[in-house]
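Asks: Sharing target_8.txt below, compact mmCIF, C-alpha atoms (C1' of nucleotides):
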```
# COMPACT_ATOMS: atom_id res chain seq x y z
CA MET A 1 -16.31 -6.19 -35.90
CA LEU A 2 -17.45 -8.36 -38.81
CA ASN A 3 -17.65 -12.08 -38.14
CA LEU A 4 -16.37 -14.58 -40.71
CA GLN A 5 -18.69 -17.30 -39.43
CA HIS A 6 -21.64 -15.07 -40.28
CA PHE A 7 -20.36 -14.67 -43.82
CA ALA A 8 -19.98 -18.44 -44.19
CA THR A 9 -23.57 -18.91 -43.09
CA PHE A 10 -24.72 -16.08 -45.35
CA LEU A 11 -23.04 -17.71 -48.33
CA ILE A 12 -24.97 -20.96 -47.85
CA VAL A 13 -28.26 -19.17 -47.26
CA ALA A 14 -27.78 -17.17 -50.44
CA GLN A 15 -26.87 -20.28 -52.43
CA ARG A 16 -29.93 -22.18 -51.15
CA SER A 17 -32.26 -19.16 -51.11
CA SER A 18 -33.58 -20.54 -47.85
CA PHE A 19 -32.78 -20.31 -44.17
CA THR A 20 -34.26 -23.73 -43.54
CA ARG A 21 -32.32 -25.54 -46.28
CA ALA A 22 -29.13 -23.73 -45.32
CA ALA A 23 -29.64 -24.86 -41.73
CA ALA A 24 -30.04 -28.46 -42.86
CA GLU A 25 -26.89 -28.27 -44.94
CA LEU A 26 -24.93 -26.71 -42.09
CA GLY A 27 -26.30 -29.17 -39.55
CA HIS A 28 -27.64 -26.27 -37.47
CA SER A 29 -31.09 -25.14 -36.51
CA GLN A 30 -33.12 -22.73 -38.62
CA SER A 31 -33.28 -20.48 -35.59
CA SER A 32 -29.51 -20.26 -35.35
CA VAL A 33 -29.18 -19.40 -39.03
CA THR A 34 -31.78 -16.67 -38.70
CA THR A 35 -29.94 -15.22 -35.71
CA GLN A 36 -26.62 -15.17 -37.56
CA ILE A 37 -28.08 -13.44 -40.61
CA GLN A 38 -29.77 -10.88 -38.38
CA ALA A 39 -26.44 -10.26 -36.66
CA LEU A 40 -24.67 -9.83 -40.00
CA GLU A 41 -27.34 -7.42 -41.20
CA ARG A 42 -26.89 -5.42 -38.01
CA GLU A 43 -23.09 -5.40 -38.38
CA LEU A 44 -23.31 -4.31 -42.01
CA GLY A 45 -26.12 -1.85 -41.39
CA ALA A 46 -28.22 -3.14 -44.26
CA PRO A 47 -30.80 -5.84 -44.96
CA LEU A 48 -29.40 -8.73 -46.98
CA PHE A 49 -32.62 -10.54 -47.87
CA GLN A 50 -36.18 -9.59 -48.82
CA ARG A 51 -38.62 -11.12 -46.34
CA THR A 52 -41.91 -9.63 -47.60
CA LYS A 53 -42.92 -12.87 -49.29
CA PHE A 54 -41.22 -15.85 -47.79
CA SER A 55 -43.21 -18.90 -48.62
CA LYS A 56 -41.03 -20.52 -51.25
CA SER A 57 -37.74 -18.67 -51.21
CA ILE A 58 -36.02 -15.51 -50.11
CA ALA A 59 -34.34 -12.99 -52.39
CA LEU A 60 -31.11 -11.07 -51.95
CA THR A 61 -31.37 -7.32 -51.69
CA GLU A 62 -29.04 -5.05 -53.65
CA GLU A 63 -26.83 -4.86 -50.54
CA GLY A 64 -27.05 -8.64 -50.25
CA ARG A 65 -25.74 -9.08 -53.78
CA ARG A 66 -22.80 -6.83 -53.02
CA ALA A 67 -22.16 -8.61 -49.73
CA LEU A 68 -22.12 -11.97 -51.49
CA ILE A 69 -19.11 -10.97 -53.57
CA TYR A 70 -17.21 -9.99 -50.47
CA ALA A 71 -18.28 -13.08 -48.55
CA ASP A 72 -16.46 -15.14 -51.15
CA LYS A 73 -13.39 -12.93 -51.03
CA LEU A 74 -13.21 -12.86 -47.23
CA LEU A 75 -13.62 -16.61 -46.81
CA ALA A 76 -11.08 -17.32 -49.52
CA LEU A 77 -8.59 -14.97 -47.90
CA ALA A 78 -9.20 -16.60 -44.53
CA GLU A 79 -8.40 -20.01 -46.00
CA GLU A 80 -5.32 -18.59 -47.70
CA THR A 81 -4.25 -17.12 -44.37
CA LYS A 82 -4.43 -20.45 -42.58
CA ALA A 83 -2.49 -22.17 -45.35
CA ALA A 84 0.16 -19.46 -45.51
CA VAL A 85 0.73 -19.29 -41.78
CA ARG A 86 0.99 -23.04 -41.45
CA GLY A 87 3.52 -22.93 -44.27
CA MET B 1 -13.36 -20.28 -37.89
CA LEU B 2 -10.86 -17.42 -37.83
CA ASN B 3 -11.91 -14.32 -35.93
CA LEU B 4 -11.24 -10.86 -37.35
CA GLN B 5 -11.22 -9.30 -33.89
CA HIS B 6 -8.31 -11.54 -32.98
CA PHE B 7 -6.39 -10.33 -36.02
CA ALA B 8 -7.04 -6.70 -35.09
CA THR B 9 -5.66 -7.36 -31.62
CA PHE B 10 -2.73 -9.30 -33.06
CA LEU B 11 -1.86 -6.38 -35.30
CA ILE B 12 -1.58 -3.99 -32.36
CA VAL B 13 0.39 -6.47 -30.25
CA ALA B 14 2.85 -6.98 -33.10
CA GLN B 15 3.20 -3.23 -33.66
CA ARG B 16 3.82 -2.57 -29.95
CA SER B 17 5.82 -5.78 -29.33
CA SER B 18 3.96 -6.00 -26.05
CA PHE B 19 0.72 -7.45 -24.74
CA THR B 20 0.58 -4.86 -21.99
CA ARG B 21 1.08 -1.84 -24.23
CA ALA B 22 -1.35 -3.24 -26.80
CA ALA B 23 -3.92 -3.65 -24.05
CA ALA B 24 -3.47 -0.04 -23.01
CA GLU B 25 -3.87 1.18 -26.56
CA LEU B 26 -6.97 -0.95 -27.07
CA GLY B 27 -8.46 0.06 -23.75
CA HIS B 28 -8.64 -3.59 -22.74
CA SER B 29 -6.97 -5.64 -20.04
CA GLN B 30 -3.66 -7.42 -20.57
CA SER B 31 -5.42 -10.63 -19.68
CA SER B 32 -7.96 -10.21 -22.46
CA VAL B 33 -5.26 -9.52 -25.02
CA THR B 34 -3.35 -12.61 -23.94
CA THR B 35 -6.48 -14.73 -24.25
CA GLN B 36 -7.20 -13.43 -27.76
CA ILE B 37 -3.68 -14.12 -28.97
CA GLN B 38 -3.80 -17.61 -27.47
CA ALA B 39 -7.11 -18.20 -29.27
CA LEU B 40 -5.66 -16.99 -32.57
CA GLU B 41 -2.62 -19.23 -32.13
CA ARG B 42 -4.93 -22.15 -31.49
CA GLU B 43 -7.05 -21.34 -34.55
CA LEU B 44 -3.98 -21.00 -36.77
CA GLY B 45 -2.25 -23.98 -35.26
CA ALA B 46 1.01 -22.13 -34.75
CA PRO B 47 2.69 -19.89 -32.17
CA LEU B 48 2.79 -16.24 -33.22
CA PHE B 49 5.19 -14.88 -30.59
CA GLN B 50 8.29 -16.09 -28.80
CA ARG B 51 7.71 -16.11 -25.03
CA THR B 52 10.97 -17.65 -23.85
CA LYS B 53 12.30 -14.25 -22.83
CA PHE B 54 9.53 -11.83 -22.07
CA SER B 55 10.84 -9.15 -19.82
CA LYS B 56 11.18 -6.25 -22.23
CA SER B 57 9.44 -7.26 -25.40
CA ILE B 58 8.11 -10.20 -27.35
CA ALA B 59 9.22 -11.28 -30.81
CA LEU B 60 7.20 -12.57 -33.73
CA THR B 61 7.84 -16.12 -34.83
CA GLU B 62 8.23 -16.99 -38.49
CA GLU B 63 4.53 -17.92 -38.55
CA GLY B 64 3.77 -14.65 -36.81
CA ARG B 65 5.53 -12.68 -39.52
CA ARG B 66 3.49 -14.45 -42.17
CA ALA B 67 0.28 -13.96 -40.18
CA LEU B 68 0.96 -10.25 -39.90
CA ILE B 69 0.79 -9.78 -43.65
CA TYR B 70 -2.57 -11.50 -43.76
CA ALA B 71 -3.88 -9.61 -40.75
CA ASP B 72 -3.48 -6.43 -42.74
CA LYS B 73 -5.13 -7.93 -45.80
CA LEU B 74 -8.06 -9.37 -43.89
CA LEU B 75 -8.81 -6.22 -41.95
CA ALA B 76 -8.53 -4.07 -45.07
CA LEU B 77 -10.91 -6.37 -46.91
CA ALA B 78 -13.34 -6.27 -44.01
CA GLU B 79 -13.37 -2.47 -44.13
CA GLU B 80 -13.82 -2.56 -47.88
CA THR B 81 -16.72 -4.95 -47.41
CA LYS B 82 -18.57 -2.65 -45.06
CA ALA B 83 -18.05 0.31 -47.36
CA ALA B 84 -19.11 -1.62 -50.47
CA VAL B 85 -22.25 -3.08 -48.91
CA ARG B 86 -23.36 0.25 -47.53
CA GLY B 87 -22.87 1.67 -51.01
C1' DT C 1 13.18 -7.24 -7.06
C1' DA C 2 10.56 -5.38 -11.11
C1' DA C 3 8.14 -5.88 -15.11
C1' DA C 4 5.59 -8.55 -18.18
C1' DA C 5 2.94 -12.68 -19.56
C1' DA C 6 0.09 -16.47 -17.88
C1' DT C 7 -3.49 -18.17 -15.09
C1' DA C 8 -7.65 -18.49 -12.00
C1' DC C 9 -11.65 -16.94 -11.07
C1' DT C 10 -16.15 -13.99 -12.15
C1' DC C 11 -19.58 -11.69 -15.14
C1' DC C 12 -21.98 -10.84 -19.36
C1' DA C 13 -22.90 -11.36 -24.30
C1' DT C 14 -23.67 -14.40 -27.90
C1' DA C 15 -24.06 -18.92 -30.55
C1' DG C 16 -26.29 -23.06 -30.14
C1' DG C 17 -30.56 -25.60 -29.25
C1' DT C 18 -36.10 -26.67 -28.87
C1' DA C 19 -40.62 -25.04 -29.05
C1' DT C 20 -43.82 -21.80 -30.50
C1' DT C 21 -45.75 -17.93 -33.10
C1' DT C 22 -46.37 -15.26 -37.13
C1' DT C 23 -47.02 -14.80 -41.96
C1' DA C 24 -48.13 -15.72 -46.77
C1' DT C 25 -49.77 -19.07 -49.75
C1' DA D 1 -53.76 -26.00 -43.44
C1' DT D 2 -48.93 -25.80 -44.81
C1' DA D 3 -44.43 -24.25 -45.00
C1' DA D 4 -41.01 -21.01 -43.77
C1' DA D 5 -39.05 -17.19 -41.04
C1' DA D 6 -39.24 -14.89 -36.58
C1' DT D 7 -39.34 -15.02 -31.76
C1' DA D 8 -39.08 -16.64 -26.81
C1' DC D 9 -36.56 -19.04 -23.84
C1' DC D 10 -32.80 -22.04 -22.15
C1' DT D 11 -27.84 -23.69 -21.96
C1' DA D 12 -22.96 -23.59 -23.06
C1' DT D 13 -19.04 -21.12 -24.60
C1' DG D 14 -16.04 -17.26 -25.06
C1' DG D 15 -14.65 -12.33 -24.28
C1' DA D 16 -14.48 -8.86 -20.86
C1' DG D 17 -12.78 -7.78 -16.26
C1' DT D 18 -9.75 -8.06 -11.49
C1' DA D 19 -6.46 -10.33 -8.82
C1' DT D 20 -2.74 -13.34 -8.51
C1' DT D 21 1.12 -16.23 -9.93
C1' DT D 22 5.02 -17.29 -12.73
C1' DT D 23 9.06 -16.09 -15.13
C1' DT D 24 13.34 -13.87 -16.39
C1' DA D 25 16.35 -10.04 -16.66
```
What is this file in structure tokens?

Replies:
Amino acid sequence: MLNLQHFATFLIVAQRSSFTRAAAELGHSQSSVTTQIQALERELGAPLFQRTKFSKSIALTEEGRRALIYADKLLALAEETKAAVRG
Amino acid sequence: MLNLQHFATFLIVAQRSSFTRAAAELGHSQSSVTTQIQALERELGAPLFQRTKFSKSIALTEEGRRALIYADKLLALAEETKAAVRG
DNA sequence: TAAAAATACTCCATAGGTATTTTAT
DNA sequence: ATAAAATACCTATGGAGTATTTTTA
């Protein structure tokens, strides 16, 4: 089952184009961010980032670009859900 | 962070009006289903079912009825996400 | 009393961490 | 050499189970 926390992390990584900077922003370790992205890639069955050259930044794959759109939608719907249920 | 697995479990419980029957359908224990619903209620900050009389069936609360609509939406969007990312 | 949910545990998987290794510049 | 991601390992938390208790019709 997909995990919304993984999508939230993915969103920040994609925005920052960096696991390390995303980790700093989230207040988590780089290791934890890496693990979450790996888990999301496994759940989705597709790589989300190009790692062949990873000195300066990482790049979204085609699947990653598609996933990014849905990350936004899912997180927005989750927020809407909380607001709607609480009334 | 909301958990999609909890919403999937919630959906079945609401359809069956029973933790026990939902557990049977899911192939999980009643205890596990109870725990997941309690977790979802905690995450949403609202009770989803009435437990005052729980011999024959349980009833959705007002918040539960609202949550049910979003459970459908969230799970559908999650499925759409997997399909879209995989292409 | 019977039936169903809640609770008390146990076990295992996973998210979190630190430290280290690998890789490309 | 440096900087960034991956990996190894540890700990804590949460989901899975079984067994039991509580609750109400």

Asks: How close does each residue of chain A get to chain B, giving the shortest atom pair and distance in Å to one decimal for every residue with an atom at most 12 Å away, counting all atoms listed in the file, sorted by chain and residue number, as a Markdown table?

Replies:
```
| residue | atom | partner | partner_atom | distance |
| --- | --- | --- | --- | --- |
| A:Met1 | CA | B:Gln5 | CA | 6.3 |
| A:Leu2 | CA | B:Leu4 | CA | 6.9 |
| A:Asn3 | CA | B:Asn3 | CA | 6.5 |
| A:Leu4 | CA | B:Asn3 | CA | 6.5 |
| A:Gln5 | CA | B:Met1 | CA | 6.3 |
| A:His6 | CA | B:Met1 | CA | 10.1 |
| A:Phe7 | CA | B:Met1 | CA | 10.8 |
| A:Ala8 | CA | B:Met1 | CA | 9.3 |
| A:Thr9 | CA | B:Met1 | CA | 11.5 |
| A:Leu40 | CA | B:Lys82 | CA | 10.7 |
| A:Glu41 | CA | B:Val85 | CA | 10.2 |
| A:Arg42 | CA | B:Lys82 | CA | 11.3 |
| A:Glu43 | CA | B:Lys82 | CA | 8.5 |
| A:Leu44 | CA | B:Lys82 | CA | 5.9 |
| A:Gly45 | CA | B:Arg86 | CA | 7.1 |
| A:Ala46 | CA | B:Arg86 | CA | 6.8 |
| A:Pro47 | CA | B:Val85 | CA | 9.8 |
| A:Leu48 | CA | B:Val85 | CA | 9.3 |
| A:Thr61 | CA | B:Val85 | CA | 10.4 |
| A:Glu62 | CA | B:Val85 | CA | 8.5 |
| A:Glu63 | CA | B:Val85 | CA | 5.2 |
| A:Gly64 | CA | B:Val85 | CA | 7.5 |
| A:Arg65 | CA | B:Val85 | CA | 8.5 |
| A:Arg66 | CA | B:Val85 | CA | 5.6 |
| A:Ala67 | CA | B:Val85 | CA | 5.6 |
| A:Leu68 | CA | B:Val85 | CA | 9.3 |
| A:Ile69 | CA | B:Thr81 | CA | 8.9 |
| A:Tyr70 | CA | B:Thr81 | CA | 5.9 |
| A:Ala71 | CA | B:Thr81 | CA | 8.4 |
| A:Asp72 | CA | B:Thr81 | CA | 10.9 |
| A:Lys73 | CA | B:Leu77 | CA | 8.1 |
| A:Leu74 | CA | B:Leu77 | CA | 6.9 |
| A:Leu75 | CA | B:Leu2 | CA | 9.4 |
| A:Ala76 | CA | B:Leu74 | CA | 10.2 |
| A:Leu77 | CA | B:Leu74 | CA | 6.9 |
| A:Ala78 | CA | B:Leu2 | CA | 7.0 |
| A:Glu79 | CA | B:Leu2 | CA | 8.9 |
| A:Glu80 | CA | B:Tyr70 | CA | 8.6 |
| A:Thr81 | CA | B:Tyr70 | CA | 5.9 |
| A:Lys82 | CA | B:Leu44 | CA | 5.9 |
| A:Ala83 | CA | B:Leu44 | CA | 8.8 |
| A:Ala84 | CA | B:Arg66 | CA | 6.9 |
| A:Val85 | CA | B:Glu63 | CA | 5.2 |
| A:Arg86 | CA | B:Ala46 | CA | 6.8 |
| A:Gly87 | CA | B:Glu63 | CA | 7.7 |
```

Asks: Can you work out which one of B:Val13, B:Glu25, B:Leu60, B:Phe19 has the shortest atom-to-atom distance to chain C, counting all atoms listed in the file?

Replies: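 Nearest candidate to chain C out of B:Val13, B:Glu25, B:Leu60, B:Phe19: B:Phe19.
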
Asks: I need the residue nearest chain A from this list: C:DA4, C:DC9, C:DA19, C:DA24. Use all atoms listed in the file for the distance.

Replies: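 With all atoms listed in the file as the atom set, the closest residue is C:DA24.
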
Asks: Counting all atoms listed in the file, a student should be able to say which residues of chain C come within 12 Å of chain A; what is the right answer, written as JSON, numbers by chain?

Replies: {"C": [14, 15, 16, 17, 18, 19, 20, 22, 23, 24, 25]}

Asks: Provide the atom CA of Phe49 of chain A to atom CA of Ala22 of chain A distance in Å, to one decimal place.

Replies: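 Between atom CA of Phe49 of chain A and atom CA of Ala22 of chain A the gap is 13.9 Å.
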
Asks: Write down, as a list of chain:residue names, each residue of chain D that has any atom within 10 Å of an atom of chain B, counting all atoms listed in the file.

Replies: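 Result: D:DG14, D:DG15, D:DA16, D:DG17, D:DT18, D:DT23, D:DT24, D:DA25.
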
Asks: Rounded to one decimal place, report the atom CA of Arg16 of chain B-atom C1' of DA8 of chain C distance in Å.

Replies: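 Answer for the atom CA of Arg16 of chain B to atom C1' of DA8 of chain C separation: 26.6 Å.
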
Asks: Could you tell me how far atom CA of Ser57 of chain A sits from atom C1' of DA8 of chain D, in Å to one decimal place?

Replies: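 Atom CA of Ser57 of chain A lies 24.5 Å from atom C1' of DA8 of chain D.
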